[in-house]
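Worksheet for the structure shown next.
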Amino acid sequence: MLRSRIIGTGSYLPERVLTNAEIERMVETSDQWIVERTGIRERRIAAPSEATSDLAAVAGRRALEASGVRASDLDVILVATATPDMLFPATACLVQTRLGATHAFAFDLSAACTGFLYGLSVADQYIRSGAARTVLVIGAEVLSRFIDWTDRTTCILFGDGAGAVVLRGEQGDRGILSTHIHADGSLWDFIHVPGGGSRHPPSEDTLVRRLQFLRMKGSETFKVAVRTLEETALEALKANGLAIADVRWFVPHQANRRIIEAVGARLGLPAERVVMNLERVGNTSAASIPVALDELVRAGRVSPDHTLLFAAFGAGLTWGSAIVRW
Ligand SMILES: CC(C)(COP(=O)(O)OP(=O)(O)OC[C@H]1O[C@@H](n2cnc3c(N)ncnc32)[C@H](O)[C@@H]1OP(=O)(O)O)[C@@H](O)C(=O)NCCC(=O)NCCS
């Protein structure tokens with residue numbers, strides 16, 4: 001059977017570390033509150049000179065190096081991002097020229113924190129249909145530019161980063177076993193950036209009303225997140241005839257430690273199989289799963305035939321899951 005195998009991973013986190021102690025000096029909050037409510041201790045912030053394509057290109061190059069694939073052999077570059085360099089052209093086109101991937105077509109995909117799994121799903125369809133053989137999927141964000149640093153309910157959560165995987169079509173049992181992706185647009189206002197698009201194009205008025213910044217209904221989002229993550233993890237297992245005991249690594253979207261622990265407990269997953277790096281990186285949206293995966297792979301913790309379960313949710317609302325046999 002033709003499957004999409006992950007043959008290389010890469011990631012990039014900006015150098016600048018923003019700690020909870022620094023945020024304590026910006027808004028009325030405390031390290032203790034942030035750690036108890038979210039599990040996050042610090043996050044990375046892009047340098048003023050860095051945009052999303054810069055982070056994405058480094059992660060993409062590292063994934064290519066790990067895979068042994070030349071940039072010129074890529075058929076597709078897909079960048080999942082909610083924070084592109086510009087409205088257009090696509091950030092993926094900027095990454096394409098940076099990498100010298102001259103034969104690849106390139107486009108962005110907008111599904112916020114579920115973006116990487118949407119990207120994996122699209123890439124998997126290209127590969128299994130025979131339309132493409134080798135695809136670079138990148139999740140990359142510079143969310144710090146769209147955060148209201150005076151809003152303590154959101155500024156504590158997010159960080160910048162990029163993660164990437166190279167997928168190649170190969171015959172056999174290893175690779176992406178399934179992807180499931182979903183959306184419920186009726187809940188669009190749970191997490192959104194109102195300004196800067198065609199609804200509220202940038203103007204003095206939109207700046208005064210701070211419409212360029214992310215807005216979130218935190219506790220409502222929390223509840224939907226726990227429910228949808230559990231549901232989509234279970235549908236993924238069922239579709240493959242797997243039990244939770246078959247999952248070696250659960251790599252969830254890194255939004256909040258309490259969300260991840262609640263989902264892990266509902267699924268009956270032992271804590272040591274649940275991958276968490278949000279303490280160091282916060283919520284990096286579309287980058288969160290590929291960054292966590294790359295760290296796991298580079299730590300030598302993923303072995304052939306391990307079963308990995310990915311699950312994410314985010315603005316849209318969107319959510320989804322994927323199962324990979326390594
Ligand atoms: C944002 C989040 C951490 C808030 O935690 P919570 O336990 O739901 O807290 P609440 O929103 O109910 O707020 C409780 C109180 O803490 C206060 N509070 C909020 N942020 C605070 C902060 N950074 N420091 C101190 N107090 C804070 C609130 O103002 C509220 O005070 P009040 O009771 O006097 O009104 C949590 O809702 C969350 O993580 N939601 C999911 C968000 C998410 O994952 N978004 C991304 C999706 S991809």
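FYI, nothing fancy with the structure tokens labels: chains A, B, ... in order, residues from 1 per chain, ligands from 1 as they appear.
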
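Taking only C-alpha atoms, the non-local environment of Leu143 in chain A within 7 Å (same-chain residues fewer than 3 positions away omitted) comprises Thr83, Phe146, Ile147, Phe158, Gly159 and Asp160 of chain A.
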
Set out as a Markdown table a contact list for range 252-301 of chain A and range 42-46 of chain A with a cut-off of 9 Å, giving each residue of range 252-301 of chain A that qualifies its closest atom pair and distance in Å to one decimal, counting only C-alpha atoms, ordered by chain and rising residue number.
```
| residue | atom | partner | partner_atom | distance |
| --- | --- | --- | --- | --- |
| A:Leu278 | CA | A:Arg43 | CA | 8.1 |
| A:Glu279 | CA | A:Glu42 | CA | 6.4 |
| A:Arg280 | CA | A:Glu42 | CA | 5.1 |
| A:Val281 | CA | A:Arg43 | CA | 4.2 |
| A:Gly282 | CA | A:Arg43 | CA | 5.1 |
| A:Asn283 | CA | A:Arg43 | CA | 8.1 |
| A:Thr284 | CA | A:Arg43 | CA | 8.7 |
```

Test item: residues no farther than 8 Å from ligand 1, counting only C-alpha atoms and all ligand atoms, as number ranges by chain:
A: 27-30, 33-34, 37-38, 112-114, 152-157, 191, 216-223, 225, 253, 255-256, 258-259, 283, 285, 312-315

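Across A:Trp326, A:Phe88, A:Trp249, A:Phe213, the tightest approach to Arg174 in chain A is made by A:Trp326 when counting only C-alpha atoms.
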
Set the distance at 10 Å and use only C-alpha atoms: which residues neighbour Gly68 in chain A once local chain neighbours fewer than 3 positions away are removed? I'd like the list as a list in words.
Ile7, Gly8, Arg62, Ala63, Leu64, Glu65, Ala71 and Val166 of chain A

Mind dumping the selected residues with N, CA, C and O atoms as a PDB file, in the first residue's frame?
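Written out: selection-v8.pdb:
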```
ATOM      1  N   ILE A   7       9.967  11.201   6.639  1.00  0.00           N
ATOM      2  CA  ILE A   7      11.358  10.746   6.517  1.00  0.00           C
ATOM      3  C   ILE A   7      12.346  11.763   7.075  1.00  0.00           C
ATOM      4  O   ILE A   7      13.556  11.515   7.076  1.00  0.00           O
ATOM      5  N   GLY A   8      11.837  12.900   7.563  1.00  0.00           N
ATOM      6  CA  GLY A   8      12.731  13.861   8.210  1.00  0.00           C
ATOM      7  C   GLY A   8      11.916  14.908   8.944  1.00  0.00           C
ATOM      8  O   GLY A   8      10.807  15.252   8.523  1.00  0.00           O
ATOM      9  N   ARG A  62      16.165  22.208   7.952  1.00  0.00           N
ATOM     10  CA  ARG A  62      16.591  21.155   8.906  1.00  0.00           C
ATOM     11  C   ARG A  62      15.871  19.831   8.625  1.00  0.00           C
ATOM     12  O   ARG A  62      16.460  18.758   8.745  1.00  0.00           O
ATOM     13  N   ALA A  63      14.600  19.922   8.255  1.00  0.00           N
ATOM     14  CA  ALA A  63      13.856  18.688   7.936  1.00  0.00           C
ATOM     15  C   ALA A  63      14.410  18.047   6.662  1.00  0.00           C
ATOM     16  O   ALA A  63      14.539  16.819   6.577  1.00  0.00           O
ATOM     17  N   LEU A  64      14.758  18.892   5.686  1.00  0.00           N
ATOM     18  CA  LEU A  64      15.357  18.356   4.451  1.00  0.00           C
ATOM     19  C   LEU A  64      16.684  17.667   4.755  1.00  0.00           C
ATOM     20  O   LEU A  64      16.952  16.558   4.263  1.00  0.00           O
ATOM     21  N   GLU A  65      17.524  18.311   5.573  1.00  0.00           N
ATOM     22  CA  GLU A  65      18.822  17.714   5.932  1.00  0.00           C
ATOM     23  C   GLU A  65      18.619  16.366   6.615  1.00  0.00           C
ATOM     24  O   GLU A  65      19.306  15.393   6.321  1.00  0.00           O
ATOM     25  N   ALA A  71      16.323  19.977  -1.889  1.00  0.00           N
ATOM     26  CA  ALA A  71      15.190  20.906  -2.066  1.00  0.00           C
ATOM     27  C   ALA A  71      14.615  20.797  -3.474  1.00  0.00           C
ATOM     28  O   ALA A  71      13.398  20.895  -3.667  1.00  0.00           O
ATOM     29  N   VAL A 166       9.289  16.234   6.264  1.00  0.00           N
ATOM     30  CA  VAL A 166       9.328  15.837   4.858  1.00  0.00           C
ATOM     31  C   VAL A 166       8.574  14.520   4.749  1.00  0.00           C
ATOM     32  O   VAL A 166       8.868  13.564   5.474  1.00  0.00           O
TER      33      VAL A 166
END
```
